[in-house]
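Q: Provided herewith is a single structure, encoded as C-alpha cells, for subsequent inquiry.
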Amino acid sequence: MTLSITFSKPAKNVEALLDRPYTKIRIWRKAEAGLAPSSGTAAGYDAEFFTETQSFRRAFTEEELDSFKQEHAGKTFRSVVERTESQEITTLANRHGEVRTFSRPLKNPAPPTFASSADRKKKYILDEHTPVPFLVRLGVMTKEGTVVARKYDKFRQINRFLEYIDDILDELTDRAAGNGGFTPERPLRIVDFGCGKSYLTFAIYHFLTDIRHIATDITGLDLKKDVIADCQKLAEESGYGALHFKLGDIASYSDAHRPDMVVTLHACDRATDYALNWAIRQGAAAILSVPCCQHELNEQLTKAAPLPDSSPFASLTRHGILRERLAALATDAVRAELLEQAGYRVQAMEFIDMSHTPKNILIRAVKKREGDRASADGQKSISRSKERETALLAALGVRQELDGLLRG
C-alpha cells in the first residue's frame with residue numbers, strides 16, 4: 001500500500017494539464033485511514049500541491065490516487081518517489097519521454113506511522129532510518145541507521161546539498177551527455193576541490209550511483225596527505241570503485257577528461273576563485289561552490305582611504321563587522337556576475353541555516369545552451385552583468401581575483 005508519494009520535476013505543460021504551474025506534489029496516507037483498505041468513496045489520502053509561491057490542499061481516495069499516478073507519473077512529472085510498507089519505488093523520465101522505474105527494499109522497515117502535515121518530518125533523500133555504510137563509518141549514523149544526535153546538522157547539510165544536485169540533474173545530463181545520457185563508457189565526471197573528510201563527496205557518489213543509478217566517476221582533491229589516504233581507504237572498503245582521492249591543488253591538477261561538474265566547498269578566500277576559474281576554463285556543465293573566508297576585498301577596504309560620505313557604501317564600511325560582511329557579499333556577487341558572463345545560469349542559495357555558520361551561501365551555476373548564450377537576449381544579459389559588476393567594483397574602489405584571472 002502507498003504510504004507516501006512525491007511528484008517533482010514537472011513537464012513544461014504542467015499548467016495546461018493541472019490548471020496551475022505546480023512544481024511539486026506530496027501525497028500521504030491519513031492517520032485515521034491506517035493500513036486497512038478504504039471503501040471506494042473514503043478519502044484515505046491528503047495531498048499538498050505546490051507552486052513557486054502557493055500551496056493547495058485536497059484529498060484522494062485510493063482509486064483516485066491510483067488513477068493520478070497512472071496519468072501523471074513519468075509524464076506530467078519526470079521524477080516520482082513512492083514509499084510503501086516495504087520498499088521505495090522511483091520513476092524517472094528523461095526529456096524524450098523514456099521512463100525507467102527502480103525499486104529498492106527498505107532495510108529494517110519501521111512500522112508505518114501517520115502524521116498530519118503540521119507535524120510530519122521532512123522526507124530526506126538519504127533516509128533517516130536506513131543505514132548508509134559510509135555515514136556509519138564517518139560517525140553520522142549508527143549501525144541501525146539512527147542519525148547520531150550531535151551529527152544531525154551534518155546529516156541535514158548533506159541532504160540539502162544532494163537536493164541542490166538533484167534539481168539540476170536533467171540540465172546537467174542535457175548539457176554534458178546529450179540524448180544518450182551518462183553510461184559506464186561515458187560517466188558523469190565530477191571533481192571536488194578541497195574535499196577534506198569528504199562527507200559530501202561520498203554522499204554525491206552514493207546518491208548518483210545507488211539511488212539515481214547514474215554512472216559516475218568522482219575525483220576528490222586535497223592537500224592533506226593523511227586525509228586523502230583515509231578517504232581512499234574508505235572508498236575501497238565501501239566498494240566505490242569509481243570514487244578516487246588524490247593529493248594535490250587546483251593549480252597542478254589535470255585529467256585526460258574534462259569535468260562535467262566541479263564542486264568546491266569552503267575553499268578559503270582566493271582558492272575559491274582559482275577553482276571557479278579552472279571550472280570555467282574547463283567548460284564544466286555545472287559548478288557548485290560554497291565560498292569561505294573572503295578576506296581579499298575586506299583587506300582592500302580596510303587599507304584604503306575611507307569612502308566619501310556621498311558613496312552609498314560609506315555607512316557600511318565605517319564599522320569593521322559591517323565592512324567584513326559587505327566585502328563577503330560583494331565578493332560572491334562579483335563571482336556570480338562573472339559566472340553569468342561566462343555563459344552560466346547562476347543562483348545564490350542558502351546552504352545551511354544561519355544559526356550554524358555565517359558562511360552559508362552556495363553559488364550554483366549551470367551552463368546555458370550554446371544557442372541561448374549566443375542569442376540577442378543572451379548577449380544583452382551578459383552586457384548588463386558586466387555593467388553591474390564594473391559598477392560595484394568601482395563604487396567600492398576594489399579589485400577581485402576571479403575578475404583578474406578570467407581577464408588574463
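Letters A, B, ... go to the chains of the C-alpha cells in the order shown; residues in each chain start at 1; ligands are counted from 1 in the same order.
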Taking only range 77-195 of chain A into account, list the residues labelled helix (DSSP H, G or I) by DSSP (computed from the backbone), as number ranges by chain.

A: A: 133-137, 149-176, 178-180

Q: Would you mind exporting N, CA, C and O atoms of the selected residues as a short mmCIF file (atom, residue, chain, number, x, y, z; two decimals), in the first residue's frame?

A:
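Wrote it out as selection-v1.cif, contents follow:
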data_model
loop_
_atom_site.label_atom_id
_atom_site.label_comp_id
_atom_site.auth_asym_id
_atom_site.auth_seq_id
_atom_site.Cartn_x
_atom_site.Cartn_y
_atom_site.Cartn_z
N PRO A 133 26.35 2.81 4.63
CA PRO A 133 27.66 2.37 5.14
C PRO A 133 28.67 3.50 5.36
O PRO A 133 29.32 3.54 6.41
N PHE A 134 28.80 4.42 4.41
CA PHE A 134 29.84 5.44 4.58
C PHE A 134 29.46 6.41 5.71
O PHE A 134 30.34 6.94 6.40
N LEU A 135 28.16 6.64 5.93
CA LEU A 135 27.74 7.51 7.04
C LEU A 135 27.97 6.82 8.38
O LEU A 135 28.28 7.48 9.38
N VAL A 136 27.83 5.50 8.40
CA VAL A 136 28.14 4.75 9.61
C VAL A 136 29.62 4.84 9.92
O VAL A 136 30.04 5.12 11.05
N ARG A 137 30.46 4.67 8.89
CA ARG A 137 31.91 4.72 9.07
C ARG A 137 32.38 6.11 9.48
O ARG A 137 33.35 6.26 10.23
N ALA A 149 22.83 12.11 17.31
CA ALA A 149 22.24 13.41 17.66
C ALA A 149 23.18 14.57 17.36
O ALA A 149 22.78 15.57 16.75
N ARG A 150 24.43 14.46 17.75
CA ARG A 150 25.36 15.58 17.54
C ARG A 150 25.77 15.75 16.08
O ARG A 150 26.40 16.75 15.73
N LYS A 151 25.40 14.78 15.23
CA LYS A 151 25.72 14.85 13.81
C LYS A 151 24.50 15.17 12.96
O LYS A 151 24.57 15.12 11.73
N TYR A 152 23.39 15.51 13.60
CA TYR A 152 22.17 15.71 12.83
C TYR A 152 22.29 16.91 11.90
O TYR A 152 21.75 16.90 10.78
N ASP A 153 22.97 17.96 12.33
CA ASP A 153 23.17 19.13 11.45
C ASP A 153 23.97 18.74 10.21
O ASP A 153 23.68 19.20 9.10
N LYS A 154 24.96 17.87 10.39
CA LYS A 154 25.73 17.38 9.25
C LYS A 154 24.84 16.55 8.31
O LYS A 154 24.93 16.67 7.08
N PHE A 155 23.97 15.73 8.89
CA PHE A 155 23.05 14.92 8.09
C PHE A 155 22.13 15.83 7.27
O PHE A 155 21.88 15.59 6.08
N ARG A 156 21.60 16.88 7.88
CA ARG A 156 20.74 17.83 7.18
C ARG A 156 21.51 18.54 6.08
O ARG A 156 21.00 18.76 4.98
N GLN A 157 22.76 18.91 6.36
CA GLN A 157 23.60 19.60 5.37
C GLN A 157 23.84 18.71 4.15
O GLN A 157 23.73 19.16 3.00
N ILE A 158 24.14 17.44 4.39
CA ILE A 158 24.37 16.50 3.29
C ILE A 158 23.13 16.40 2.42
O ILE A 158 23.20 16.46 1.19
N ASN A 159 21.97 16.24 3.05
CA ASN A 159 20.73 16.12 2.28
C ASN A 159 20.40 17.39 1.52
O ASN A 159 19.92 17.33 0.38
N ARG A 160 20.64 18.54 2.13
CA ARG A 160 20.38 19.80 1.44
C ARG A 160 21.25 19.89 0.17
O ARG A 160 20.76 20.29 -0.89
N PHE A 161 22.50 19.50 0.29
CA PHE A 161 23.40 19.57 -0.87
C PHE A 161 22.94 18.61 -1.97
O PHE A 161 22.96 18.96 -3.15
N LEU A 162 22.51 17.42 -1.59
CA LEU A 162 22.03 16.46 -2.59
C LEU A 162 20.78 16.97 -3.29
O LEU A 162 20.58 16.72 -4.48
N GLU A 163 19.93 17.69 -2.57
CA GLU A 163 18.75 18.28 -3.19
C GLU A 163 19.15 19.28 -4.27
O GLU A 163 18.53 19.35 -5.34
N TYR A 164 20.19 20.06 -3.99
CA TYR A 164 20.65 21.05 -4.97
C TYR A 164 21.19 20.37 -6.22
O TYR A 164 21.07 20.91 -7.33
N ILE A 165 21.82 19.22 -6.06
CA ILE A 165 22.29 18.47 -7.22
C ILE A 165 21.13 17.81 -7.96
O ILE A 165 21.05 17.86 -9.20
N ASP A 166 20.21 17.23 -7.21
CA ASP A 166 19.07 16.55 -7.82
C ASP A 166 18.27 17.51 -8.71
O ASP A 166 17.78 17.13 -9.78
N ASP A 167 18.15 18.76 -8.27
CA ASP A 167 17.38 19.75 -9.02
C ASP A 167 17.93 20.03 -10.42
O ASP A 167 17.19 20.45 -11.31
N ILE A 168 19.23 19.83 -10.61
CA ILE A 168 19.84 20.20 -11.89
C ILE A 168 20.29 19.00 -12.72
O ILE A 168 20.93 19.17 -13.76
N LEU A 169 19.94 17.79 -12.28
CA LEU A 169 20.44 16.60 -12.98
C LEU A 169 19.98 16.55 -14.44
O LEU A 169 20.76 16.16 -15.33
N ASP A 170 18.74 16.93 -14.71
CA ASP A 170 18.26 16.89 -16.09
C ASP A 170 19.04 17.85 -16.97
O ASP A 170 19.46 17.51 -18.08
N GLU A 171 19.23 19.08 -16.47
CA GLU A 171 20.00 20.07 -17.23
C GLU A 171 21.44 19.62 -17.42
O GLU A 171 22.01 19.75 -18.51
N LEU A 172 22.02 19.10 -16.36
CA LEU A 172 23.42 18.65 -16.42
C LEU A 172 23.57 17.54 -17.45
O LEU A 172 24.51 17.55 -18.26
N THR A 173 22.65 16.59 -17.45
CA THR A 173 22.71 15.50 -18.42
C THR A 173 22.59 16.03 -19.84
O THR A 173 23.32 15.62 -20.75
N ASP A 174 21.67 16.95 -20.04
CA ASP A 174 21.45 17.53 -21.37
C ASP A 174 22.70 18.26 -21.86
O ASP A 174 23.11 18.10 -23.01
N ARG A 175 23.33 19.06 -20.99
CA ARG A 175 24.48 19.86 -21.41
C ARG A 175 25.73 19.01 -21.61
O ARG A 175 26.54 19.26 -22.50
N ALA A 176 25.90 17.99 -20.76
CA ALA A 176 27.15 17.24 -20.77
C ALA A 176 27.12 15.97 -21.61
O ALA A 176 28.09 15.65 -22.30
N GLY A 178 24.08 14.76 -23.50
CA GLY A 178 23.17 14.76 -24.63
C GLY A 178 22.13 13.66 -24.54
O GLY A 178 21.80 13.16 -23.46
N ASN A 179 21.62 13.26 -25.69
CA ASN A 179 20.49 12.33 -25.74
C ASN A 179 20.78 10.97 -25.11
O ASN A 179 19.89 10.33 -24.55
N GLY A 180 22.00 10.50 -25.22
CA GLY A 180 22.30 9.16 -24.72
C GLY A 180 22.41 9.07 -23.21
O GLY A 180 22.39 7.97 -22.66
#

Q: Looking only at the backbone, which of the residues in range 260-375 of chain A does DSSP tag as strand (DSSP E or B), as a PyMOL selection string?

A: chain A and resi 261-268+286-292+344-350+361-367

Q: Please produce an output containing C-alpha atoms for each residue in the selection, written as a PDB file, in the first residue's frame.

A:
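Produced file again01.pdb, reproduced below:
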ATOM      1  CA  MET A 261      30.637  19.145 -12.621  1.00  0.00           C
ATOM      2  CA  VAL A 262      33.046  20.953 -10.318  1.00  0.00           C
ATOM      3  CA  VAL A 263      32.381  21.137  -6.582  1.00  0.00           C
ATOM      4  CA  THR A 264      34.296  23.476  -4.307  1.00  0.00           C
ATOM      5  CA  LEU A 265      33.186  23.711  -0.683  1.00  0.00           C
ATOM      6  CA  HIS A 266      34.751  26.117   1.798  1.00  0.00           C
ATOM      7  CA  ALA A 267      37.856  26.743  -0.296  1.00  0.00           C
ATOM      8  CA  CYS A 268      39.427  29.593   1.662  1.00  0.00           C
ATOM      9  CA  ALA A 286      27.707  22.630 -13.626  1.00  0.00           C
ATOM     10  CA  ILE A 287      29.521  24.319 -10.743  1.00  0.00           C
ATOM     11  CA  LEU A 288      28.570  24.240  -7.058  1.00  0.00           C
ATOM     12  CA  SER A 289      30.604  26.442  -4.753  1.00  0.00           C
ATOM     13  CA  VAL A 290      30.344  27.381  -1.085  1.00  0.00           C
ATOM     14  CA  PRO A 291      32.901  30.176  -0.605  1.00  0.00           C
ATOM     15  CA  CYS A 292      34.683  30.727   2.688  1.00  0.00           C
ATOM     16  CA  TYR A 344      26.031  30.125 -16.887  1.00  0.00           C
ATOM     17  CA  ARG A 345      22.598  30.347 -15.293  1.00  0.00           C
ATOM     18  CA  VAL A 346      23.507  31.355 -11.752  1.00  0.00           C
ATOM     19  CA  GLN A 347      21.677  31.065  -8.442  1.00  0.00           C
ATOM     20  CA  ALA A 348      22.847  32.170  -4.984  1.00  0.00           C
ATOM     21  CA  MET A 349      21.170  29.956  -2.383  1.00  0.00           C
ATOM     22  CA  GLU A 350      21.185  29.260   1.343  1.00  0.00           C
ATOM     23  CA  ILE A 361      25.850  30.907   0.650  1.00  0.00           C
ATOM     24  CA  LEU A 362      26.010  28.341  -2.138  1.00  0.00           C
ATOM     25  CA  ILE A 363      26.576  29.517  -5.693  1.00  0.00           C
ATOM     26  CA  ARG A 364      25.066  27.098  -8.218  1.00  0.00           C
ATOM     27  CA  ALA A 365      25.821  27.604 -11.910  1.00  0.00           C
ATOM     28  CA  VAL A 366      24.595  25.541 -14.869  1.00  0.00           C
ATOM     29  CA  LYS A 367      25.933  26.108 -18.370  1.00  0.00           C
TER      30      LYS A 367
END

Q: I'd like the neighbourhood of Tyr205 in chain A as a PyMOL selection string, where a residue qualifies if any of its atoms comes within 9 Å (using only C-alpha atoms), though same-chain residues fewer than 5 positions away should be ignored.

A: chain A and resi 200+210+216-218+240+242-243

Q: For N, CA, C and O atoms, I'd like the residues from the last selection saved as a compact mmCIF listing (two decimals), in the first residue's frame.

A:
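result.txt written:
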# COMPACT_ATOMS: atom_id res chain seq x y z
N LEU A 200 30.51 15.03 1.89
CA LEU A 200 29.67 15.33 0.73
C LEU A 200 30.13 14.58 -0.51
O LEU A 200 29.31 14.21 -1.36
N ASP A 210 23.85 4.78 -6.36
CA ASP A 210 22.98 3.82 -5.69
C ASP A 210 21.51 4.22 -5.67
O ASP A 210 20.64 3.36 -5.59
N THR A 216 28.87 7.18 -12.66
CA THR A 216 29.54 8.37 -12.13
C THR A 216 31.00 8.08 -11.81
O THR A 216 31.33 7.00 -11.32
N ASP A 217 31.85 9.04 -12.11
CA ASP A 217 33.27 8.96 -11.75
C ASP A 217 33.63 10.25 -11.02
O ASP A 217 33.47 11.34 -11.58
N ILE A 218 34.10 10.14 -9.77
CA ILE A 218 34.38 11.31 -8.96
C ILE A 218 35.82 11.29 -8.49
O ILE A 218 36.34 10.24 -8.07
N TYR A 240 33.38 1.50 -3.62
CA TYR A 240 33.14 2.61 -4.54
C TYR A 240 34.31 2.69 -5.52
O TYR A 240 35.24 3.48 -5.35
N ALA A 242 34.66 3.81 -8.54
CA ALA A 242 34.86 4.99 -9.38
C ALA A 242 34.93 6.27 -8.56
O ALA A 242 34.69 7.36 -9.07
N LEU A 243 35.26 6.13 -7.27
CA LEU A 243 35.48 7.28 -6.39
C LEU A 243 36.95 7.28 -6.01
O LEU A 243 37.44 6.35 -5.37

Q: So that I can see what lies close to Glu370 in chain A, please list as a PyMOL selection string the residues with an atom at most 12 Å from it, counting only C-alpha atoms and leaving out residues fewer than 2 positions away in the same chain.

A: chain A and resi 174-175+283+285+342-344+367-368+372-375+378-379

Q: Using only C-alpha atoms, determine which residues lie at most 10 Å from Arg323 in chain A, disregarding the query and same-chain residues fewer than 3 positions distant; provide the list as an MDAnalysis selection string.

A: chainID A and resid 297:299 301:302 313:320 326:329

Q: Between A:Asp403, A:Glu236, A:Asp260, A:Glu387, which residue has the minimum interatomic distance to Ala177 in chain A, considering only C-alpha atoms?

A: A:Asp260

Q: Suppose you want the space between CA of Arg95 in chain A and CA of Phe50 in chain A; what is it in Å?

A: 21.8 Å

Q: So how far away is CA of Thr6 in chain A from CA of Ala93 in chain A, in Å?

A: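 Separation between CA of Ala93 in chain A and CA of Thr6 in chain A: 14.4 Å.
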
Q: For CA of Gly145 in chain A and CA of Tyr124 in chain A, determine how far apart the two atoms are, in Å to one decimal place.

A: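 We find that CA of Gly145 in chain A and CA of Tyr124 in chain A lie 13.5 Å from each other.
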
Q: So that I can see what lies close to Arg399 in chain A, please list as a list in words the residues with an atom at most 9 Å from it, counting only C-alpha atoms and leaving out residues fewer than 5 positions away in the same chain.

A: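 Everything that qualifies: Glu296, Leu297, Gln300, Leu393, Ala394 and Gly404 of chain A.
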
Q: Write out as a compact mmCIF listing (two decimals) with N, CA, C and O atoms, in the first residue's frame which residues come within 10 Å of range 51-66 of chain A when counting only C-alpha atoms, dropping same-chain ones fewer than 5 positions away.

A:
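part-v8.txt written:
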# COMPACT_ATOMS: atom_id res chain seq x y z
N MET A 1 0.84 -1.19 0.00
CA MET A 1 0.00 0.00 0.00
C MET A 1 0.88 1.25 0.00
O MET A 1 1.89 1.30 0.69
N THR A 2 0.48 2.24 -0.76
CA THR A 2 1.20 3.50 -0.81
C THR A 2 1.05 4.24 0.52
O THR A 2 -0.06 4.50 0.98
N ILE A 5 3.91 9.56 -1.46
CA ILE A 5 4.42 9.66 -2.82
C ILE A 5 4.66 11.14 -3.13
O ILE A 5 3.87 12.01 -2.74
N ARG A 20 -2.59 24.75 -12.92
CA ARG A 20 -1.65 25.66 -12.25
C ARG A 20 -0.22 25.15 -12.51
O ARG A 20 -0.01 23.96 -12.73
N PRO A 21 0.77 26.06 -12.41
CA PRO A 21 2.17 25.65 -12.66
C PRO A 21 2.78 24.98 -11.43
O PRO A 21 3.70 25.50 -10.81
N TYR A 22 2.30 23.80 -11.10
CA TYR A 22 2.79 23.12 -9.91
C TYR A 22 4.25 22.69 -10.10
O TYR A 22 4.64 22.21 -11.16
N THR A 23 5.02 22.84 -9.04
CA THR A 23 6.41 22.41 -9.06
C THR A 23 6.61 21.09 -8.32
O THR A 23 7.56 20.35 -8.60
N LYS A 24 5.71 20.78 -7.38
CA LYS A 24 5.84 19.55 -6.60
C LYS A 24 4.48 19.19 -6.01
O LYS A 24 3.67 20.06 -5.70
N ILE A 25 4.24 17.90 -5.86
CA ILE A 25 3.02 17.41 -5.22
C ILE A 25 3.42 16.32 -4.22
O ILE A 25 4.16 15.40 -4.56
N ARG A 26 2.91 16.44 -2.99
CA ARG A 26 3.18 15.42 -1.97
C ARG A 26 1.84 14.84 -1.50
O ARG A 26 0.91 15.59 -1.18
N ILE A 27 1.77 13.53 -1.45
CA ILE A 27 0.55 12.84 -1.05
C ILE A 27 0.92 11.83 0.03
O ILE A 27 1.91 11.12 -0.10
N TRP A 28 0.13 11.77 1.11
CA TRP A 28 0.44 10.86 2.20
C TRP A 28 -0.83 10.24 2.78
O TRP A 28 -1.91 10.81 2.69
N ARG A 29 -0.66 9.07 3.35
CA ARG A 29 -1.76 8.32 3.94
C ARG A 29 -2.25 9.02 5.21
O ARG A 29 -1.45 9.42 6.07
N LYS A 30 -3.55 9.19 5.34
CA LYS A 30 -4.12 9.84 6.53
C LYS A 30 -3.95 8.95 7.75
O LYS A 30 -3.98 7.72 7.67
N PRO A 37 -7.63 -1.38 3.77
CA PRO A 37 -8.15 -0.85 2.51
C PRO A 37 -9.41 -0.02 2.74
O PRO A 37 -10.26 -0.37 3.56
N SER A 38 -9.49 1.10 2.05
CA SER A 38 -10.63 2.00 2.21
C SER A 38 -11.72 1.65 1.21
O SER A 38 -11.47 1.05 0.17
N SER A 39 -12.93 2.07 1.53
CA SER A 39 -14.01 1.90 0.57
C SER A 39 -13.82 2.87 -0.58
O SER A 39 -13.02 3.80 -0.50
N GLY A 40 -14.54 2.66 -1.64
CA GLY A 40 -14.33 3.44 -2.86
C GLY A 40 -14.50 4.93 -2.70
O GLY A 40 -13.91 5.71 -3.42
N THR A 41 -15.33 5.36 -1.72
CA THR A 41 -15.59 6.79 -1.57
C THR A 41 -14.84 7.43 -0.42
O THR A 41 -14.91 8.64 -0.23
N ALA A 42 -14.10 6.63 0.37
CA ALA A 42 -13.38 7.17 1.52
C ALA A 42 -12.08 7.81 1.07
O ALA A 42 -11.28 7.20 0.35
N ALA A 43 -11.86 9.04 1.50
CA ALA A 43 -10.64 9.76 1.14
C ALA A 43 -9.53 9.38 2.11
O ALA A 43 -9.41 9.95 3.20
N GLY A 44 -8.75 8.39 1.74
CA GLY A 44 -7.70 7.88 2.63
C GLY A 44 -6.39 8.64 2.57
O GLY A 44 -5.48 8.34 3.34
N TYR A 45 -6.28 9.61 1.66
CA TYR A 45 -5.02 10.33 1.47
C TYR A 45 -5.24 11.84 1.48
O TYR A 45 -6.25 12.35 1.00
N ASP A 46 -4.27 12.55 2.05
CA ASP A 46 -4.20 14.00 1.93
C ASP A 46 -3.10 14.34 0.95
O ASP A 46 -2.11 13.61 0.81
N GLU A 71 -1.76 8.51 -14.63
CA GLU A 71 -1.88 9.60 -15.59
C GLU A 71 -0.67 10.52 -15.60
O GLU A 71 -0.29 11.04 -16.65

Q: Have a look at A:Ser103, A:Pro131, A:Ile214, A:Ala279 and name the one nearest to Val148 in chain A; count only C-alpha atoms.

A: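 Among the listed residues, A:Pro131 lies closest to Val148 in chain A.
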
Q: Which one is closest to Ser310 in chain A: A:Ala395, A:Ile228, A:Leu339, A:Leu322? Count only C-alpha atoms.

A: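 Nearest candidate to Ser310 in chain A out of A:Ala395, A:Ile228, A:Leu339, A:Leu322: A:Ala395.
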